[in-house]
Amino acid sequence: MPIVIILLLVLVGLVVVLLAWVAGAYNSLVRLRNQLQNAWAQIDVQLKRRHDLIPNLVETVKGYAKHERETFEKVTQARNMAVSAKTVGERAQAENVLTGALKSLFAVAEAYPELKANQNFLALQEELTSTENKISFSRQFYNDTVMTFNTRIQVFPTNFIANMFHFAPHDFFEVKAEEEREAPKVSFS
Amino acid sequence: MWEVIAANRRRSALLITVMAVILVLIGYSAGALIGGPDAGGFGVFVALGIMTVMLLVYFTSAESVLMHGTCARELKREDSPQLFNVVDEMRLASGLEFMPRIYLIDDPAPNAFAVGRKPETSAICVTTGLLYRLNRDELQGVIGHEVGHLKNRDVQFMTLAAVMLGTIVILSVIVRQYFWFGGRVRSRSSSRDGGGQLQIVILVVGLLFAILGPIMAQLLYFACSRKREYLADASSAQFTRYPEGLASALEKISQAHESLSSANQANAPMFIVNPLTAATGEADSVFSSHPPTTDRIRVLRAMTGASFADYEAAYRRTKSGSLIGSQTLKSATQQTIRAPSNEGPIQTRRETHAVTRRYHGYMRLHCNCGLDISVPEGYEQDTIRCFRCGSVLTIPAAAPASPVPPKAVIPPVIPGIAPPVLSAGSALQFHRTNRNSWESFRCACGRTIQLSPSFDAPHITCTACGRAIAIT
């Protein structure tokens with residue numbers, strides 16, 4: 001009976017289309033998740049780079065500004081704390097403290113014109129400025145990707161796939177509002 | 001921008017198909033015109049051979065060919081760390097997987113372009129005129145625009161089109177040359193039917209190429225939608241979060257009066273601002289490869305946020321019609337514009353000239369009569385005679401270090417900059433005579449090294465051999 005056969009064919013066709021859509025949605029979610037992990041790793045790379053640049057910077061400035069001991073100690077302490085921070089919140093806070101310490105170090109360097117003309121110092125300053133920019137850009141890209149990923153797993157058709165295969169929403173990389181408002185208490189003893 | 005990427009892929013496939021069809025038709029008609037229907041097959045064979053050559057060039061070395069065509073030189077990180085850093089920042093902001101190679105054109109006209117078939121082989125080129133005119137925000141905007149082209153796969157399509165057009169032009173020149181020489185040969189072999197036929201086939205094909213070249217250029221301009229420039233502007237605003245940077249960069253570029261000497265009809269669509277009309281101003285006609293710069297600046301300055309949605313809103317307000325596909329707009333969110341950074345030009349005019357001079361390897365010597373002599377790097381002798389007054393000048397060179405070894409100075413290791421090679425046996429030193437101006441000297445390996453007036457380190461690394469030379 002032709003009608004039954006036609007109906008059967010239509011059903012098979014629908015199933016095939018459904019499976020194709022499921023595969024496509026799953027693949028796009030996997031791709032986004034991998035992109036997310038890669039973006040997170042990029043932030044890590046830039047933060048580490050900043051940690052590695054700081055000892056050189058301190059040595060270079062020390063050669064010209066021997067009397068600014070407190071500033072050097074502040075920077076070194078902040079850097080050690082940032083390296084040893086564990087959780088995401090701790091890390092964000094430690095990195096903010098480090099940024100503040102670096103700002104005061106560069107402010108100190110303004111008073112020494114010979115230092116400002118030193119090729120090494122200028123190269124390091126450029127590298128640090130660029131690393132700050134890179135941190136903010138990689139954070140920006142990470143947050144954009146998190147937004148896309150979270151939206152994708154929450155909108156109507158794809159949320160079934162997401163629940164079926166356990167795709168969980170990710171957090172944004174930013175300091176929570178309360179932590180930002182209160183001044184970080186760091187001891188330099 | 002998934003719609004743009006998909007559209008560019010389709011356009012590339014379409015371009016290859018259309019070119020193949022046109023070439024086959026030309027081949028067949030040329031052959032049939034001369035020797036009847038059977039010679040048409042030979043014409044098709046020649047046409048397919050040309051097609052294969054084009055595709056081979058494209059798939060193996062398209063970027064090198066295009067870069068050579070514009071006399072661009074590849075830069076290393078230590079020559080311009082700031083430029084590399086700006087490109088690196090945009091790579092992170094856009095999520096590009098590979099770092100593009102960076103090239104420099106020595107030309108006072110400010111402009112930039114990007115080429116590449118795949119992310120791994122992509123390259124960005126800027127002119128020296130751009131580097132000393134723009135500050136960091138503006139340069140970031142321009143690089144963001146080029147990276148936007150790379151991400152949207154515009155460059156894939158443009159590289160293919162440029163290679164095809166270039167091949168047609170070259171082939172037409174070759175065939176025309178052959179025709180001039182073959183004209184004499186033909187009289188000798190005119191008694192042999194086959195030889196004469198071949199000559200005429202090639203003649204007709206060559207004539208067709210010569211006529212077709214300019215027409216192909218116009219077709220190319222129709223095929224390249226001018227919308228892709230607006231889309232790259234939107235990408236740049238999204239990546240940098242600072243549309244005013246690109247807007248003021250475009251303003252500065254369009255106000256510059258120089259025209260780029262290495263631009264021609266084949267590679268003009270690749271640049272950020274049309275180099276052929278940059279100096280004279282342009283009209284918004286169907287025949288131009290770029291939209292008018294004033295429109296682009298107006299859209300960027302009308303943005304209230306930094307995302308694709310904000311660009312689309314600004315585009316709809318200043319010009320009629322929509323630009324960005326709906327799928328991209330659905331996932332675009334509100335983004336705030338960030339504060340401007342207050343860094344000035346990333347390199348002074350002096351520094352950009354120093355970079356290009358380094359590439360040419362020239363050393364500048366000053367004679368007491370007032371003449372400045374540029375000594376090329378391959379100059380082997382130790383002295384040179386002044387052209388004006390005839391006095392003999394010694395070429396400053398690094399001498400082996402004195403027997404008493406200087407106190408060991410351990411240079412700070414800067415990530416990203418190659419550490420100097422300190423080997424006791426080959427220690428060299430150079431004594432500076434003038435700290436207030438640029439000074440050049442020759443390393444033992446022959447490389448010219450230039451010291452700027454602000455150079456203050458205890459030693460410098462030769463970029464050719466890696467030796468550390470103590471500067472006293």
# chains A, B, ... in the order shown; residues from 1 in each chain; ligands from 1
>>> interface_residues(of="chain A", to="chain B", cutoff="6 Å", atoms="only C-alpha atoms", output="list of chain:residue names")
A:Ala117, A:Asn118, A:Gln119, A:Lys134, A:Phe137, A:Ser138, A:Phe141
>>> write_last_selection(atoms="N, CA and C atoms", output="PDB file, in the first residue's frame")
ATOM      1  N   ALA A 117      65.519  56.620  30.332  1.00  0.00           N
ATOM      2  CA  ALA A 117      66.211  56.528  29.042  1.00  0.00           C
ATOM      3  C   ALA A 117      66.875  55.177  28.857  1.00  0.00           C
ATOM      4  N   ASN A 118      66.869  54.354  29.890  1.00  0.00           N
ATOM      5  CA  ASN A 118      67.529  53.054  29.808  1.00  0.00           C
ATOM      6  C   ASN A 118      66.763  52.125  28.875  1.00  0.00           C
ATOM      7  N   GLN A 119      67.498  51.546  27.930  1.00  0.00           N
ATOM      8  CA  GLN A 119      66.864  50.690  26.914  1.00  0.00           C
ATOM      9  C   GLN A 119      66.152  49.495  27.540  1.00  0.00           C
ATOM     10  N   LYS A 134      47.166  42.482  27.006  1.00  0.00           N
ATOM     11  CA  LYS A 134      46.856  41.119  26.572  1.00  0.00           C
ATOM     12  C   LYS A 134      45.986  40.412  27.596  1.00  0.00           C
ATOM     13  N   PHE A 137      42.546  41.715  27.030  1.00  0.00           N
ATOM     14  CA  PHE A 137      41.931  41.213  25.801  1.00  0.00           C
ATOM     15  C   PHE A 137      41.591  39.738  25.897  1.00  0.00           C
ATOM     16  N   SER A 138      42.481  38.953  26.509  1.00  0.00           N
ATOM     17  CA  SER A 138      42.165  37.523  26.580  1.00  0.00           C
ATOM     18  C   SER A 138      41.019  37.297  27.558  1.00  0.00           C
ATOM     19  N   PHE A 141      37.931  38.130  25.562  1.00  0.00           N
ATOM     20  CA  PHE A 141      37.548  37.051  24.648  1.00  0.00           C
ATOM     21  C   PHE A 141      36.958  35.880  25.420  1.00  0.00           C
TER      22      PHE A 141
END
>>> closest_atom_pairs(of="region 115-172 of chain A", to="region 96-100 of chain A", cutoff="12 Å", atoms="only C-alpha atoms", output="JSON lines")
{"residue": "A:Leu128", "atom": "CA", "partner": "A:Thr99", "partner_atom": "CA", "distance": 10.3}
{"residue": "A:Thr129", "atom": "CA", "partner": "A:Thr99", "partner_atom": "CA", "distance": 10.7}
{"residue": "A:Thr131", "atom": "CA", "partner": "A:Thr99", "partner_atom": "CA", "distance": 11.3}
{"residue": "A:Glu132", "atom": "CA", "partner": "A:Thr99", "partner_atom": "CA", "distance": 8.7}
{"residue": "A:Ile135", "atom": "CA", "partner": "A:Thr99", "partner_atom": "CA", "distance": 11.5}
>>> select_by_dssp(residues="chain A", states="alpha helix (DSSP H)", output="MDAnalysis selection string")
chainID A and resid 2:64 69:84 88:109 113:117 119:154 156:164 177:181
>>> residues_around(residues="Trp40 (chain A)", least_positions_apart="6", cutoff="12 Å", atoms="only C-alpha atoms", output="list in words")
Arg33, Asn34, Gln46, Leu47, Val88, Ile135, Phe137, Ser138, Arg139, Gln140, Phe141, Tyr142, Asn143, Asp144, Thr145, Val146, His170, Asp171, Phe172 and Phe173 of chain A; Leu92 and Gly95 of chain B
>>> closest_residue(among="A:Thr76, A:Ala65, A:Val10, A:Ser136", to="Glu110 (chain A)", atoms="only C-alpha atoms")
A:Ala65
>>> atom_distance(atom1="CA of Thr318 (chain B)", atom2="CA of Arg226 (chain B)")
16.3 Å
>>> atom_distance(atom1="CA of Leu246 (chain B)", atom2="CA of Ser122 (chain B)")
21.6 Å
>>> closest_residue(among="B:Leu134, B:Ala234, B:Ala72, B:Ile16", to="Ala161 (chain B)", atoms="only C-alpha atoms")
B:Ile16
>>> residues_around(residues="region 139-156 of chain B", least_positions_apart="2", cutoff="8 Å", atoms="only C-alpha atoms", output="short mmCIF file (atom, residue, chain, number, x, y, z; two decimals) with C-alpha atoms, in the first residue's frame")
data_model
loop_
_atom_site.label_atom_id
_atom_site.label_comp_id
_atom_site.auth_asym_id
_atom_site.auth_seq_id
_atom_site.Cartn_x
_atom_site.Cartn_y
_atom_site.Cartn_z
CA MET B 1 30.35 36.34 11.78
CA TRP B 2 29.33 32.99 10.48
CA VAL B 4 30.31 36.23 6.21
CA ILE B 5 32.65 33.26 6.53
CA ASN B 8 33.30 33.98 1.42
CA ARG B 9 33.75 30.24 1.09
CA SER B 12 35.81 31.45 -3.55
CA VAL B 86 49.73 45.24 19.14
CA VAL B 87 49.19 42.37 16.69
CA MET B 90 44.45 41.67 18.58
CA ARG B 91 45.11 37.98 18.07
CA SER B 94 39.75 37.94 18.23
CA LEU B 96 42.72 33.77 16.06
CA ALA B 112 47.88 48.36 5.60
CA PHE B 113 46.65 45.05 4.24
CA ALA B 114 46.35 41.37 5.11
CA VAL B 115 46.75 38.22 3.01
CA GLY B 116 46.43 34.52 3.68
CA ARG B 117 44.75 31.34 2.51
CA LYS B 118 44.77 29.70 5.92
CA PRO B 119 45.31 31.04 9.44
CA SER B 122 48.36 34.58 7.10
CA ILE B 124 49.71 41.47 7.85
CA LEU B 131 53.80 53.57 12.02
CA LEU B 134 49.30 56.68 14.40
CA ASN B 135 49.24 56.37 18.17
CA ARG B 136 48.69 53.07 19.90
CA ASP B 137 44.89 53.19 19.95
CA MET B 158 40.96 38.22 -2.04
CA THR B 159 44.22 36.26 -2.21
CA LEU B 160 42.68 33.84 -4.68
CA ARG B 228 33.22 43.56 3.64
CA LEU B 231 32.07 44.32 8.40
CA ALA B 232 35.80 44.45 9.12
CA ASP B 233 35.25 47.87 10.76
CA SER B 235 34.94 43.48 13.89
CA SER B 236 37.63 45.98 14.79
CA ALA B 237 35.28 47.92 17.08
CA PHE B 239 37.81 43.52 19.33
CA THR B 240 39.33 46.78 20.52
CA TYR B 242 37.28 51.51 21.12
CA PRO B 243 35.78 52.51 17.73
CA GLY B 245 40.67 54.60 17.47
CA LEU B 246 39.88 53.21 14.03
CA ALA B 249 43.16 56.33 12.07
CA MET B 270 43.30 44.35 -0.31
CA ILE B 272 42.43 49.25 4.22
#
>>> decode(residues="region 37-106 of chain A", atoms="C-alpha atoms", output="PDB file, in the first residue's frame")
ATOM      1  CA  GLN A  37      39.140  26.123  27.750  1.00  0.00           C
ATOM      2  CA  ASN A  38      41.701  27.464  25.306  1.00  0.00           C
ATOM      3  CA  ALA A  39      40.719  31.050  26.113  1.00  0.00           C
ATOM      4  CA  TRP A  40      41.093  30.317  29.832  1.00  0.00           C
ATOM      5  CA  ALA A  41      44.558  28.888  29.204  1.00  0.00           C
ATOM      6  CA  GLN A  42      45.493  32.048  27.295  1.00  0.00           C
ATOM      7  CA  ILE A  43      44.669  34.194  30.307  1.00  0.00           C
ATOM      8  CA  ASP A  44      46.868  31.917  32.381  1.00  0.00           C
ATOM      9  CA  VAL A  45      49.757  32.315  29.926  1.00  0.00           C
ATOM     10  CA  GLN A  46      49.590  36.113  30.085  1.00  0.00           C
ATOM     11  CA  LEU A  47      49.374  36.184  33.877  1.00  0.00           C
ATOM     12  CA  LYS A  48      52.429  33.926  34.132  1.00  0.00           C
ATOM     13  CA  ARG A  49      54.282  36.139  31.706  1.00  0.00           C
ATOM     14  CA  ARG A  50      53.619  39.103  33.928  1.00  0.00           C
ATOM     15  CA  HIS A  51      54.963  37.193  36.940  1.00  0.00           C
ATOM     16  CA  ASP A  52      58.124  36.345  35.021  1.00  0.00           C
ATOM     17  CA  LEU A  53      58.778  39.915  33.898  1.00  0.00           C
ATOM     18  CA  ILE A  54      58.606  41.452  37.358  1.00  0.00           C
ATOM     19  CA  PRO A  55      61.927  40.285  38.885  1.00  0.00           C
ATOM     20  CA  ASN A  56      63.818  41.761  35.894  1.00  0.00           C
ATOM     21  CA  LEU A  57      61.936  45.005  36.236  1.00  0.00           C
ATOM     22  CA  VAL A  58      62.767  45.251  39.924  1.00  0.00           C
ATOM     23  CA  GLU A  59      66.459  44.568  39.269  1.00  0.00           C
ATOM     24  CA  THR A  60      66.623  47.196  36.519  1.00  0.00           C
ATOM     25  CA  VAL A  61      64.955  49.870  38.621  1.00  0.00           C
ATOM     26  CA  LYS A  62      67.077  48.970  41.662  1.00  0.00           C
ATOM     27  CA  GLY A  63      70.189  49.829  39.680  1.00  0.00           C
ATOM     28  CA  TYR A  64      69.057  53.435  39.437  1.00  0.00           C
ATOM     29  CA  ALA A  65      66.795  54.034  42.434  1.00  0.00           C
ATOM     30  CA  LYS A  66      68.572  52.377  45.314  1.00  0.00           C
ATOM     31  CA  HIS A  67      66.666  54.173  48.059  1.00  0.00           C
ATOM     32  CA  GLU A  68      63.143  53.088  47.183  1.00  0.00           C
ATOM     33  CA  ARG A  69      63.271  49.868  49.182  1.00  0.00           C
ATOM     34  CA  GLU A  70      59.634  49.837  50.325  1.00  0.00           C
ATOM     35  CA  THR A  71      58.318  50.000  46.772  1.00  0.00           C
ATOM     36  CA  PHE A  72      60.499  47.076  45.695  1.00  0.00           C
ATOM     37  CA  GLU A  73      59.425  45.000  48.649  1.00  0.00           C
ATOM     38  CA  LYS A  74      55.765  45.769  48.010  1.00  0.00           C
ATOM     39  CA  VAL A  75      56.063  44.659  44.400  1.00  0.00           C
ATOM     40  CA  THR A  76      57.976  41.477  45.217  1.00  0.00           C
ATOM     41  CA  GLN A  77      55.535  40.508  47.963  1.00  0.00           C
ATOM     42  CA  ALA A  78      52.531  41.140  45.721  1.00  0.00           C
ATOM     43  CA  ARG A  79      54.115  39.048  42.988  1.00  0.00           C
ATOM     44  CA  ASN A  80      54.806  36.130  45.315  1.00  0.00           C
ATOM     45  CA  MET A  81      51.240  36.225  46.564  1.00  0.00           C
ATOM     46  CA  ALA A  82      49.904  36.229  43.005  1.00  0.00           C
ATOM     47  CA  VAL A  83      52.050  33.230  42.099  1.00  0.00           C
ATOM     48  CA  SER A  84      50.850  31.238  45.105  1.00  0.00           C
ATOM     49  CA  ALA A  85      47.141  32.096  44.864  1.00  0.00           C
ATOM     50  CA  LYS A  86      44.905  29.085  44.304  1.00  0.00           C
ATOM     51  CA  THR A  87      41.198  29.748  43.788  1.00  0.00           C
ATOM     52  CA  VAL A  88      39.792  31.997  41.092  1.00  0.00           C
ATOM     53  CA  GLY A  89      38.672  34.632  43.590  1.00  0.00           C
ATOM     54  CA  GLU A  90      42.072  34.638  45.330  1.00  0.00           C
ATOM     55  CA  ARG A  91      43.843  34.956  42.003  1.00  0.00           C
ATOM     56  CA  ALA A  92      41.697  37.838  40.806  1.00  0.00           C
ATOM     57  CA  GLN A  93      42.295  39.690  44.049  1.00  0.00           C
ATOM     58  CA  ALA A  94      46.060  39.019  44.063  1.00  0.00           C
ATOM     59  CA  GLU A  95      46.346  40.199  40.452  1.00  0.00           C
ATOM     60  CA  ASN A  96      44.572  43.448  41.316  1.00  0.00           C
ATOM     61  CA  VAL A  97      46.980  44.045  44.208  1.00  0.00           C
ATOM     62  CA  LEU A  98      49.905  43.363  41.874  1.00  0.00           C
ATOM     63  CA  THR A  99      48.591  45.866  39.336  1.00  0.00           C
ATOM     64  CA  GLY A 100      48.434  48.516  42.070  1.00  0.00           C
ATOM     65  CA  ALA A 101      51.980  47.748  43.211  1.00  0.00           C
ATOM     66  CA  LEU A 102      53.281  47.999  39.635  1.00  0.00           C
ATOM     67  CA  LYS A 103      51.591  51.362  39.200  1.00  0.00           C
ATOM     68  CA  SER A 104      53.432  52.710  42.246  1.00  0.00           C
ATOM     69  CA  LEU A 105      56.727  51.286  40.935  1.00  0.00           C
ATOM     70  CA  PHE A 106      56.298  53.066  37.602  1.00  0.00           C
TER      71      PHE A 106
END
